[in-house]
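Everything below belongs to structure.cif, which stores mmCIF, C-alpha atoms.
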```
data_query
#
loop_
_atom_site.label_atom_id
_atom_site.label_comp_id
_atom_site.auth_asym_id
_atom_site.auth_seq_id
_atom_site.Cartn_x
_atom_site.Cartn_y
_atom_site.Cartn_z
CA MET A 135 0.00 0.00 0.00
CA MET A 136 2.74 2.44 0.97
CA LYS A 137 4.76 1.64 -2.13
CA SER A 138 1.87 2.36 -4.45
CA LEU A 139 1.25 5.60 -2.56
CA ALA A 140 4.88 6.65 -2.89
CA PHE A 141 4.76 6.01 -6.63
CA PHE A 142 1.80 8.33 -6.96
CA LEU A 143 3.49 11.02 -4.90
CA LEU A 144 6.68 11.00 -6.87
CA PHE A 145 5.45 10.71 -10.41
CA GLY A 146 2.04 12.38 -10.46
CA ALA A 147 1.68 15.82 -12.01
CA LEU A 148 1.16 18.80 -9.69
CA SER A 149 -1.80 21.01 -10.58
CA ALA A 150 -0.59 24.57 -10.18
CA GLN A 151 -3.61 26.52 -11.37
CA ALA A 152 -6.82 24.79 -10.26
CA THR A 153 -8.21 25.34 -6.80
CA VAL A 154 -10.97 23.99 -4.60
CA LEU A 155 -13.96 25.64 -2.95
CA SER A 156 -14.55 25.08 0.75
CA PRO A 157 -16.62 27.04 3.30
CA SER A 158 -14.23 25.98 6.07
CA SER A 159 -10.78 25.89 4.45
CA LEU A 160 -8.49 27.56 1.95
CA GLU A 161 -5.71 26.34 -0.32
CA VAL A 162 -2.30 28.04 -0.07
CA ARG A 163 1.09 27.48 -1.65
CA PHE A 164 3.90 26.26 0.58
CA THR A 165 7.57 25.46 0.36
CA TYR A 166 10.33 24.53 2.78
CA SER A 167 13.82 23.05 2.89
CA ALA A 168 14.75 20.33 5.37
CA GLU A 169 17.59 17.97 6.20
CA PHE A 170 17.51 14.55 7.87
CA GLN A 171 19.55 11.41 8.40
CA THR A 172 18.72 7.76 7.72
CA SER A 173 20.41 4.45 7.09
CA ASP A 174 17.80 3.50 4.48
CA SER A 175 19.08 2.67 0.99
CA LEU A 176 16.04 3.85 -1.00
CA ASP A 177 16.45 6.58 -3.59
CA PRO A 178 16.63 10.11 -2.10
CA VAL A 179 13.35 11.37 -3.55
CA THR A 180 11.44 8.45 -2.03
CA LEU A 181 13.12 9.13 1.31
CA ALA A 182 12.38 12.86 1.07
CA ASP A 183 8.75 11.94 0.49
CA SER A 184 8.74 9.64 3.54
CA HIS A 185 10.09 12.55 5.57
CA ALA A 186 7.57 15.09 4.21
CA GLN A 187 4.65 12.76 5.01
CA HIS A 188 5.16 13.65 8.68
CA LEU A 189 3.33 16.88 7.85
CA PHE A 190 0.12 14.87 8.29
CA GLY A 191 0.74 14.06 11.94
CA TYR A 192 1.97 17.55 12.78
CA LEU A 193 -1.01 19.28 11.14
CA GLN A 194 -3.46 16.97 12.93
CA SER A 195 -2.15 17.53 16.47
CA PRO A 196 -4.83 18.83 18.90
CA SER A 197 -2.25 21.35 20.17
CA ILE A 198 -1.91 22.83 16.68
CA VAL A 199 -5.71 22.96 16.39
CA SER A 200 -6.08 24.93 19.62
CA SER A 201 -3.15 27.24 18.77
CA PHE A 202 -5.17 28.66 15.86
CA GLY A 203 -8.43 28.94 17.83
CA VAL A 204 -10.12 26.21 15.78
CA ASN A 205 -13.04 24.25 17.26
CA ASN A 206 -11.35 21.75 19.58
CA ARG A 207 -13.32 18.78 18.21
CA THR A 208 -11.77 19.33 14.78
CA LEU A 209 -9.16 16.73 13.88
CA GLY A 210 -6.54 19.02 12.40
CA VAL A 211 -5.86 22.30 10.63
CA GLY A 212 -4.67 21.15 7.24
CA ALA A 213 -3.34 18.60 4.79
CA PRO A 214 -1.01 18.63 1.77
CA ARG A 215 -2.39 18.12 -1.68
CA LEU A 216 -0.52 15.23 -3.25
CA PRO A 217 1.65 14.88 -5.24
CA LEU A 218 4.36 17.23 -3.99
CA SER A 219 7.36 18.47 -5.96
CA TYR A 220 10.86 17.61 -4.66
CA GLU A 221 14.36 18.91 -5.35
CA ILE A 222 17.25 17.01 -3.76
CA LEU A 223 19.85 19.45 -2.40
CA LYS A 224 22.20 16.96 -0.69
CA ASN A 225 22.66 13.18 -0.69
CA ARG A 226 25.78 12.14 1.20
CA LYS A 227 26.75 8.88 2.91
CA SER A 228 29.24 8.40 5.73
CA SER A 229 29.72 5.30 7.90
CA GLY A 230 26.45 3.85 6.64
CA ILE A 231 24.41 6.96 7.48
CA ARG A 232 22.96 9.12 4.74
CA THR A 233 22.34 12.84 5.08
CA ILE A 234 19.63 14.06 2.73
CA ALA A 235 18.56 17.65 2.22
CA TYR A 236 15.66 18.55 0.00
CA LYS A 237 13.32 21.36 -1.01
CA VAL A 238 9.63 20.64 -1.36
CA SER A 239 6.83 22.77 -2.79
CA GLY A 240 3.13 22.24 -3.26
CA VAL A 241 -0.31 23.14 -1.97
CA LEU A 242 -1.80 22.91 1.51
CA LEU A 243 -5.49 22.94 2.35
CA LEU A 244 -5.70 24.88 5.63
CA ASN A 245 -8.53 25.67 8.01
CA LYS A 246 -9.53 29.27 7.19
CA LYS A 247 -8.51 30.50 10.65
CA ALA A 248 -5.04 29.01 10.25
CA ALA A 249 -4.75 30.16 6.63
CA THR A 250 -5.68 33.75 7.49
CA GLU A 251 -3.07 33.93 10.26
CA LEU A 252 -0.29 32.22 8.31
CA LEU A 253 -0.84 34.24 5.13
CA LYS A 254 -0.40 37.42 7.17
CA LYS A 255 2.87 36.13 8.63
CA GLY A 256 4.10 34.58 5.39
CA SER A 257 5.87 31.73 7.19
CA TRP A 258 5.40 29.09 9.87
CA GLN A 259 7.94 27.52 12.21
CA ILE A 260 7.35 23.79 12.66
CA THR A 261 9.48 20.75 13.48
CA LEU A 262 10.08 17.62 11.42
CA PRO A 263 12.23 14.50 11.98
CA ALA A 264 16.02 14.90 11.97
CA ASP A 265 16.69 11.21 12.65
CA LEU A 266 14.22 9.28 10.51
CA ASP A 267 15.37 5.86 11.75
CA SER A 268 14.69 6.58 15.44
CA PHE A 269 11.61 8.79 15.19
CA TYR A 270 8.97 6.13 15.84
CA ASP A 271 7.61 5.74 19.39
CA GLU A 272 4.44 3.73 20.01
CA LYS A 273 3.28 5.83 22.97
CA CYS A 274 3.08 8.94 20.76
CA THR A 275 0.60 7.64 18.19
CA ASP A 276 -2.94 6.33 17.84
CA GLU A 277 -3.86 3.37 20.05
CA HIS A 278 -5.62 1.58 17.17
CA TYR A 279 -3.11 2.43 14.42
CA SER A 280 0.11 2.16 16.38
CA GLY A 281 2.40 0.50 13.86
CA TYR A 282 5.61 1.93 12.44
CA GLY A 283 4.10 2.19 8.95
CA ASP A 284 1.24 4.44 10.14
CA PHE A 285 3.30 6.61 12.48
CA TRP A 286 3.75 9.55 10.07
CA TYR A 287 -0.03 10.00 9.91
CA PHE A 288 -1.03 9.46 13.55
CA TYR A 289 1.90 10.68 15.66
CA ASP A 290 1.48 13.72 17.94
CA PRO A 291 4.71 15.51 18.90
CA PHE A 292 2.80 17.71 21.35
CA ARG A 293 1.35 14.87 23.42
CA LYS A 294 2.48 14.83 27.04
CA GLY A 295 5.63 12.75 27.29
CA CYS A 296 6.34 13.08 23.55
CA GLU A 297 8.09 16.45 23.56
CA PHE A 298 11.31 14.73 22.42
CA LEU A 299 9.71 14.41 18.95
CA ARG A 300 10.07 18.20 18.63
CA GLU A 301 13.61 18.41 20.02
CA SER A 302 17.17 17.63 18.95
CA PRO A 303 18.51 15.09 18.15
CA LEU A 304 15.28 13.48 16.87
CA ALA A 305 13.75 16.62 15.35
CA SER A 306 14.83 19.96 13.94
CA PRO A 307 13.07 23.26 13.16
CA VAL A 308 11.77 23.91 9.65
CA THR A 309 10.54 27.22 8.25
CA VAL A 310 7.53 26.78 5.95
CA THR A 311 6.88 29.66 3.56
CA ILE A 312 3.16 30.29 2.98
CA SER A 313 1.76 32.29 0.03
CA PRO A 314 -1.66 32.76 -1.61
CA LEU A 315 -3.07 30.47 -4.26
CA LYS A 316 -5.75 31.48 -6.75
CA LYS A 317 -8.90 32.74 -4.99
CA GLN A 318 -11.86 30.44 -4.48
CA ILE A 319 -14.89 30.85 -6.74
CA GLU A 320 -17.36 31.59 -3.94
CA ASP A 321 -20.47 31.47 -6.17
CA ALA A 322 -19.44 28.39 -8.17
CA ASP A 323 -22.45 26.74 -9.82
CA SER A 324 -23.09 23.12 -8.85
CA ALA A 325 -24.68 22.48 -12.28
CA LEU A 326 -27.14 20.07 -10.65
CA GLU A 327 -29.69 20.89 -13.38
CA GLU A 328 -27.29 19.40 -15.91
CA VAL A 329 -26.44 16.41 -13.71
CA ARG A 330 -30.15 15.64 -13.16
CA GLY A 331 -31.12 16.39 -16.76
CA ASP A 332 -30.58 14.44 -19.96
CA ASN A 333 -27.06 13.47 -18.94
CA GLY A 334 -26.76 10.39 -21.08
CA ASN A 335 -29.58 8.62 -19.21
CA GLY A 336 -32.68 10.33 -20.58
CA GLU A 337 -34.95 11.22 -17.64
CA LEU A 338 -33.06 8.87 -15.30
CA PHE A 339 -30.99 10.54 -12.56
CA GLN A 340 -28.60 7.80 -11.43
CA ILE A 341 -26.90 8.01 -8.01
CA THR A 342 -24.60 5.10 -7.18
CA THR A 343 -23.15 4.62 -3.70
CA ILE A 344 -20.55 2.21 -2.36
CA ASN A 345 -20.16 1.77 1.39
CA GLY A 346 -17.26 0.06 3.09
CA PHE A 347 -17.09 -1.61 6.47
CA SER A 348 -15.45 0.10 9.41
CA GLU A 349 -13.88 -3.03 10.89
CA SER A 350 -15.48 -6.33 9.84
CA ALA A 351 -18.06 -7.58 7.37
CA ARG A 352 -18.96 -10.26 9.92
CA ASP A 353 -19.96 -7.77 12.62
CA LYS A 354 -23.69 -7.01 12.47
CA MET A 355 -23.04 -3.82 14.46
CA ASP A 356 -20.15 -2.60 12.30
CA ASP A 357 -20.34 1.19 11.97
CA GLY A 358 -20.15 1.01 8.19
CA ARG A 359 -23.04 -1.44 8.07
CA LEU A 360 -25.11 0.66 10.49
CA SER A 361 -24.63 3.81 8.39
CA PHE A 362 -25.56 1.90 5.24
CA ASP A 363 -28.74 0.55 6.86
CA GLU A 364 -29.72 3.96 8.23
CA ILE A 365 -29.64 5.57 4.78
CA ASN A 366 -31.60 2.65 3.31
CA ASN A 367 -34.33 3.09 5.96
CA TRP A 368 -34.37 6.84 5.34
CA LEU A 369 -34.86 6.36 1.59
CA ARG A 370 -37.74 3.97 2.26
CA GLY A 371 -39.31 6.65 4.48
CA LEU A 372 -39.05 9.16 1.62
CA GLY A 373 -41.22 6.93 -0.53
CA PHE A 374 -38.58 5.28 -2.66
CA GLU A 375 -39.48 1.83 -3.97
CA GLU A 376 -36.79 -0.70 -3.06
CA THR A 377 -35.70 -3.66 -5.12
CA ILE A 378 -32.83 -6.07 -4.60
CA ILE A 379 -31.78 -6.13 -8.24
CA ALA A 380 -28.88 -8.58 -7.96
CA ARG A 381 -26.31 -10.10 -5.76
CA TYR A 382 -23.15 -8.49 -7.02
CA LEU A 383 -20.96 -11.54 -6.51
CA ASN A 384 -21.54 -12.05 -2.77
CA ARG A 385 -23.29 -8.75 -1.89
CA PRO A 386 -26.93 -7.64 -2.45
CA VAL A 387 -27.44 -4.52 -4.57
CA HIS A 388 -30.24 -2.29 -3.28
CA GLN A 389 -32.01 -0.17 -5.90
CA PHE A 390 -34.32 2.69 -4.80
CA ASP A 391 -36.59 4.35 -7.37
CA LYS A 392 -38.84 7.38 -7.25
CA SER A 393 -40.28 9.66 -9.94
CA VAL A 394 -40.51 13.37 -9.15
CA ARG A 395 -42.36 15.93 -11.24
CA LYS A 396 -40.67 19.28 -11.78
CA SER A 397 -42.48 22.62 -11.76
CA ASP A 398 -42.36 22.71 -15.59
CA GLY A 399 -44.26 19.41 -15.75
CA SER A 400 -41.31 17.24 -16.75
CA VAL A 401 -40.41 14.13 -14.73
CA VAL A 402 -37.10 13.19 -13.16
CA HIS A 403 -36.76 9.53 -12.31
CA ILE A 404 -34.35 9.27 -9.36
CA ARG A 405 -32.57 5.94 -8.94
CA VAL A 406 -30.22 5.30 -6.02
CA THR A 407 -28.20 2.08 -6.36
CA ARG A 408 -26.37 1.02 -3.22
CA LEU A 409 -23.77 -1.60 -2.33
CA LEU A 410 -22.11 -2.52 0.95
CA ALA A 411 -18.83 -4.39 0.36
CA GLU A 412 -15.24 -4.91 1.42
CA THR A 413 -13.28 -1.98 -0.02
CA ALA A 414 -9.68 -2.61 1.09
CA ILE A 415 -7.42 -2.59 -1.94
CA ALA A 416 -5.53 -5.57 -0.48
CA SER A 417 -8.72 -7.66 -0.48
CA LYS A 418 -8.84 -10.42 -3.10
CA ASN A 419 -12.58 -9.77 -3.40
CA VAL A 420 -13.28 -7.84 -6.64
CA THR A 421 -16.92 -6.92 -5.89
CA PHE A 422 -16.11 -3.34 -4.94
CA ALA A 423 -13.75 -2.76 -7.85
CA LYS A 424 -16.23 -4.06 -10.45
CA PHE A 425 -19.14 -2.12 -8.98
CA PHE A 426 -17.07 1.07 -8.88
CA LYS A 427 -16.03 0.57 -12.51
CA ASN A 428 -19.69 0.33 -13.55
CA ALA A 429 -20.55 3.45 -11.53
CA VAL A 430 -17.77 5.48 -13.16
CA LYS A 431 -19.12 4.59 -16.60
CA ASN A 432 -22.84 5.09 -15.99
CA ALA A 433 -23.76 7.06 -12.86
CA ASP A 434 -24.40 10.79 -12.59
CA VAL A 435 -23.33 10.92 -8.93
CA ILE A 436 -20.87 8.46 -7.38
CA ILE A 437 -20.58 8.36 -3.58
CA TYR A 438 -17.91 6.37 -1.76
CA ALA A 439 -18.15 6.06 2.03
CA GLY A 440 -15.41 4.12 3.74
CA HIS A 441 -11.74 4.00 4.61
CA SER A 442 -9.25 5.74 2.31
CA GLY A 443 -6.68 3.07 3.03
CA LEU A 444 -3.92 5.71 3.21
CA GLY A 445 -4.44 6.34 -0.49
CA GLY A 446 -4.86 2.72 -1.57
CA ASN A 447 -8.57 1.87 -1.63
CA LEU A 448 -9.51 4.08 -4.59
CA ASP A 449 -6.13 4.11 -6.30
CA ILE A 450 -7.04 4.02 -9.98
CA GLY A 451 -4.08 1.90 -11.07
CA SER A 452 -4.72 -0.70 -8.36
CA LEU A 453 -8.44 -0.88 -9.19
CA GLU A 454 -7.67 -1.28 -12.89
CA GLU A 455 -5.42 -4.24 -12.12
CA LYS A 456 -8.55 -5.99 -10.87
CA THR A 457 -11.07 -4.81 -13.48
CA GLY A 458 -9.33 -3.39 -16.52
CA PRO A 459 -9.36 0.34 -17.43
CA LEU A 460 -11.97 2.58 -15.80
CA GLU A 461 -14.13 4.16 -18.50
CA PHE A 462 -14.75 7.82 -17.66
CA ASN A 463 -17.70 9.03 -19.72
CA ALA A 464 -16.80 12.15 -21.70
CA SER A 465 -20.47 12.77 -22.56
CA LYS A 466 -21.59 13.07 -18.92
CA ARG A 467 -21.27 15.63 -16.15
CA GLN A 468 -20.54 13.72 -12.95
CA ILE A 469 -20.10 14.33 -9.24
CA PHE A 470 -17.75 12.16 -7.18
CA PHE A 471 -17.97 12.33 -3.37
CA PHE A 472 -15.12 10.50 -1.66
CA ASP A 473 -16.17 10.40 2.00
CA GLY A 474 -13.03 8.93 3.51
CA CYS A 475 -10.18 10.18 5.68
CA SER A 476 -7.87 12.73 3.97
CA SER A 477 -9.41 12.00 0.58
CA TYR A 478 -8.35 15.51 -0.53
CA SER A 479 -4.71 14.51 -0.23
CA TYR A 480 -5.05 11.09 -1.80
CA TYR A 481 -7.70 11.30 -4.49
CA LEU A 482 -8.36 14.86 -5.68
CA SER A 483 -5.38 15.16 -8.03
CA MET A 484 -5.68 11.51 -9.07
CA PHE A 485 -9.27 11.87 -10.26
CA GLU A 486 -8.81 15.45 -11.43
CA GLU A 487 -6.53 14.09 -14.12
CA GLN A 488 -9.60 12.33 -15.56
CA LYS A 489 -11.42 15.63 -16.16
CA THR A 490 -10.09 15.63 -19.71
CA LYS A 491 -12.29 12.57 -20.27
CA GLY A 492 -15.43 14.03 -18.68
CA LYS A 493 -16.91 16.90 -16.70
CA ILE A 494 -16.22 15.92 -13.11
CA ASP A 495 -16.66 17.75 -9.79
CA ILE A 496 -14.91 15.99 -6.90
CA LEU A 497 -15.90 16.31 -3.22
CA THR A 498 -13.23 15.30 -0.71
CA ASN A 499 -12.37 15.66 2.99
CA GLY A 500 -9.22 17.49 4.03
CA LEU A 501 -9.16 15.70 7.38
CA ALA A 502 -10.12 12.38 8.92
CA SER A 503 -13.87 11.74 8.97
CA TYR A 504 -16.06 9.64 11.25
CA PHE A 505 -18.48 6.84 10.33
CA SER A 506 -20.81 8.21 13.02
CA TYR A 507 -21.36 11.42 11.03
CA GLU A 508 -21.77 9.71 7.70
CA ALA A 509 -25.58 9.42 7.71
CA PRO A 510 -26.42 13.06 8.61
CA ILE A 511 -23.86 14.46 6.16
CA HIS A 512 -25.04 12.19 3.35
CA LYS A 513 -28.69 12.97 4.03
CA ALA A 514 -27.91 16.68 3.63
CA PHE A 515 -26.24 15.93 0.29
CA TYR A 516 -29.14 13.75 -0.87
CA ARG A 517 -31.64 16.48 0.03
CA GLN A 518 -29.84 18.88 -2.27
CA LEU A 519 -29.72 16.28 -5.04
CA PHE A 520 -33.43 15.48 -4.65
CA LYS A 521 -34.64 19.13 -4.88
CA VAL A 522 -35.22 18.85 -8.61
CA ASN A 523 -36.43 22.46 -8.98
CA ASP A 524 -33.35 23.95 -7.29
CA ASN A 525 -29.84 24.59 -8.56
CA PRO A 526 -27.83 25.65 -5.47
CA THR A 527 -24.25 26.88 -5.49
CA TRP A 528 -21.52 24.56 -4.29
CA ASN A 529 -20.97 26.82 -1.30
CA GLU A 530 -24.61 26.32 -0.24
CA ILE A 531 -24.35 22.54 -0.65
CA LEU A 532 -21.08 22.17 1.27
CA THR A 533 -22.23 24.46 4.07
CA ASP A 534 -25.41 22.42 4.45
CA MET A 535 -23.46 19.16 4.51
CA GLU A 536 -21.21 20.27 7.37
CA LYS A 537 -24.02 21.68 9.53
CA PRO A 538 -24.45 18.34 11.39
CA LEU A 539 -20.86 18.73 12.65
CA ARG A 540 -21.94 21.67 14.84
CA GLY A 541 -18.85 23.80 14.38
CA MET A 542 -16.39 20.98 13.75
CA THR A 543 -15.19 20.47 10.20
CA PHE A 544 -13.75 17.70 8.05
CA MET A 545 -12.61 20.54 5.69
CA LEU A 546 -15.09 19.33 3.07
CA ASN A 547 -14.34 20.82 -0.34
CA VAL A 548 -15.15 20.53 -4.03
CA GLY A 549 -12.61 20.81 -6.79
CA SER A 550 -10.97 21.55 -8.90
CA LEU A 551 -12.81 24.63 -10.09
#
```
Could you render the structure from this file as structure tokens?
Amino acid sequence: MMKSLAFFLLFGALSAQATVLSPSSLEVRFTYSAEFQTSDSLDPVTLADSHAQHLFGYLQSPSIVSSFGVNNRTLGVGAPRLPLSYEILKNRKSSGIRTIAYKVSGVLLLNKKAATELLKKGSWQITLPADLDSFYDEKCTDEHYSGYGDFWYFYDPFRKGCEFLRESPLASPVTVTISPLKKQIEDADSALEEVRGDNGNGELFQITTINGFSESARDKMDDGRLSFDEINNWLRGLGFEETIIARYLNRPVHQFDKSVRKSDGSVVHIRVTRLLAETAIASKNVTFAKFFKNAVKNADVIIYAGHSGLGGNLDIGSLEEKTGPLEFNASKRQIFFFDGCSSYSYYLSMFEEQKTKGKIDILTNGLASYFSYEAPIHKAFYRQLFKVNDNPTWNEILTDMEKPLRGMTFMLNVGSL
């Protein structure tokens, strides 16, 4: 998983012009130079990338959140947009230890409070690892994701007893330069009229959703399963007619249908097709990959709700190894909503590259997201989709979707616009 992620980071193309729209966050340019030591024999760009990934843990520390006056239930203040651009400044080896210096530049999505303060200052003093080999410490990371391979994402150098992760010899200060990116398009049109209209399906408005499990497909009380069931019950309550149209390999496919008459007398037939399946890219089960491939080709709105898998679960290359090439439909306008942790970092640029093959708007989260908030956020999105006489702006839709968070934010955004 980490190797496929590193490949994407190093060889993907950085989008310098496009930006996202978010009621709660703002994209900025950033750059810094850093130096570290390691005994690892990998190529220097890969190692520089492994070092830079520690931005995730630093940006998600509760101490950093409170330092900017952000709602204390929020799980961070920002995330880098991958891929990043690297320049190796030094690569020396002595007595088996390599010293690597590099310069990195790219884009950060920052909470608006943090972005406003940092843009005024123009720079930000942080700390990053100086000794990459010795930086891991289990007591300074998440209790559920405590392994060495996850440490860069979950570590907290401000946790009590973990101050040594901000001090020499394990860490060193880094000055991050912050500058403006292109302004957001505050009144960006969602184009829902086009998505709901004759979008290659006649009067059919096709919404396809794929839900993943939180922990286990065998657990009847799994949070992913409970969220899936709650939305199904809600759709039934709205008068949708439910049909189990197939068992997609080993999983039932729920189809919900309802015809709605518009004010001009025309009819929109809304169809919501839903699947609950194992979504881990490492899974040998191909149900998810095949269902996602079909959604990409045919649906007007595609919603994924589940784990991001640290960039692996929706990795296009990995999915295509299981199913063959994904067929993005150039004749359709589509909306993708990737409701997973840090999906902005992992999937925005990856799927943005497909916009040459179709008209795609991509909703992602800048931060980690909770299964427990999935149902209320998705219901808010569905309500906007189902209002067939309305064409709200993206700002109105995103604001409505984050209302259930009561002041917290996942830094929900839509891009690139």
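Counting only C-alpha atoms and comparing A:Val162, A:Val402, A:Met545, A:Ile260, the residue that lies closest to Gly331 of chain A is A:Val402.
Across A:Ser417, A:Ser175, A:Asn428, A:Asn499, the tightest approach to Leu244 of chain A is made by A:Asn499 when counting only C-alpha atoms.
Here atom CA of Lys273 of chain A is placed at a distance of 21.5 Å from atom CA of Ser200 of chain A.
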Could you tell me which residues the PyMOL selection byres ((chain A and resi 424) around 12) returns for this structure, as a PyMOL selection string?
-> chain A and resi 344+382-383+409+411-413+419-423+425-431+453-461
Apply the PyMOL selection byres ((chain A and resi 289-306) around 9) to the file shown and report the selected residues as a PyMOL selection string.
-> chain A and resi 168-170+188+190-192+194-198+260-266+268-276+280+284-288+307-308
Using all atoms listed in the file, which residues sit within 9 Å of Leu369 of chain A once same-chain residues fewer than 6 positions away are excluded, as a list in words?
-> Glu375, Glu376, Phe390 and Val406 of chain A
Have a look at atom CA of Ala213 of chain A and atom CA of Trp258 of chain A and let me know their distance in Å, one decimal.
-> 14.6 Å
Provide segment 272-279 of chain A rebuilt to all heavy atoms, formatted as a short mmCIF file (atom, residue, chain, number, x, y, z; two decimals), in the frame of the given file.
```
data_model
loop_
_atom_site.label_atom_id
_atom_site.label_comp_id
_atom_site.auth_asym_id
_atom_site.auth_seq_id
_atom_site.Cartn_x
_atom_site.Cartn_y
_atom_site.Cartn_z
N GLU A 272 5.83 4.21 19.95
CA GLU A 272 4.44 3.73 20.01
C GLU A 272 3.57 4.56 20.93
O GLU A 272 2.38 4.75 20.66
CB GLU A 272 4.41 2.27 20.45
CG GLU A 272 3.01 1.65 20.43
CD GLU A 272 3.01 0.18 20.79
OE1 GLU A 272 4.12 -0.38 21.00
OE2 GLU A 272 1.92 -0.42 20.85
N LYS A 273 4.11 5.10 22.01
CA LYS A 273 3.28 5.83 22.97
C LYS A 273 2.84 7.20 22.44
O LYS A 273 1.99 7.86 23.07
CB LYS A 273 4.02 6.02 24.30
CG LYS A 273 5.19 6.97 24.30
CD LYS A 273 5.71 7.14 25.73
CE LYS A 273 6.89 8.11 25.81
NZ LYS A 273 8.10 7.54 25.18
N CYS A 274 3.38 7.61 21.30
CA CYS A 274 3.08 8.94 20.76
C CYS A 274 2.18 8.89 19.53
O CYS A 274 2.12 9.84 18.75
CB CYS A 274 4.37 9.67 20.42
SG CYS A 274 5.45 9.93 21.84
N THR A 275 1.46 7.78 19.37
CA THR A 275 0.60 7.64 18.19
C THR A 275 -0.76 7.10 18.59
O THR A 275 -1.07 6.93 19.78
CB THR A 275 1.28 6.74 17.14
OG1 THR A 275 0.56 6.82 15.92
CG2 THR A 275 1.37 5.30 17.60
N ASP A 276 -1.59 6.80 17.60
CA ASP A 276 -2.94 6.33 17.84
C ASP A 276 -2.94 4.93 18.43
O ASP A 276 -2.15 4.07 18.02
CB ASP A 276 -3.72 6.35 16.51
CG ASP A 276 -5.18 5.99 16.68
OD1 ASP A 276 -5.98 6.90 16.92
OD2 ASP A 276 -5.50 4.79 16.56
N GLU A 277 -3.84 4.68 19.39
CA GLU A 277 -3.86 3.37 20.05
C GLU A 277 -4.32 2.26 19.11
O GLU A 277 -3.97 1.09 19.31
CB GLU A 277 -4.76 3.42 21.29
CG GLU A 277 -6.22 3.74 20.99
CD GLU A 277 -7.07 3.76 22.26
OE1 GLU A 277 -6.77 2.96 23.17
OE2 GLU A 277 -8.02 4.55 22.32
N HIS A 278 -5.12 2.60 18.11
CA HIS A 278 -5.62 1.58 17.17
C HIS A 278 -4.69 1.41 15.97
O HIS A 278 -4.64 0.34 15.37
CB HIS A 278 -7.02 1.95 16.70
CG HIS A 278 -8.02 2.08 17.80
ND1 HIS A 278 -8.43 1.02 18.55
CD2 HIS A 278 -8.67 3.17 18.30
CE1 HIS A 278 -9.31 1.42 19.46
NE2 HIS A 278 -9.46 2.73 19.32
N TYR A 279 -4.02 2.48 15.57
CA TYR A 279 -3.11 2.43 14.42
C TYR A 279 -1.72 2.79 14.93
O TYR A 279 -1.19 3.87 14.67
CB TYR A 279 -3.56 3.41 13.34
CG TYR A 279 -4.94 3.14 12.82
CD1 TYR A 279 -6.05 3.80 13.34
CD2 TYR A 279 -5.16 2.21 11.80
CE1 TYR A 279 -7.33 3.55 12.87
CE2 TYR A 279 -6.43 1.95 11.32
CZ TYR A 279 -7.51 2.63 11.85
OH TYR A 279 -8.78 2.39 11.38
#
```
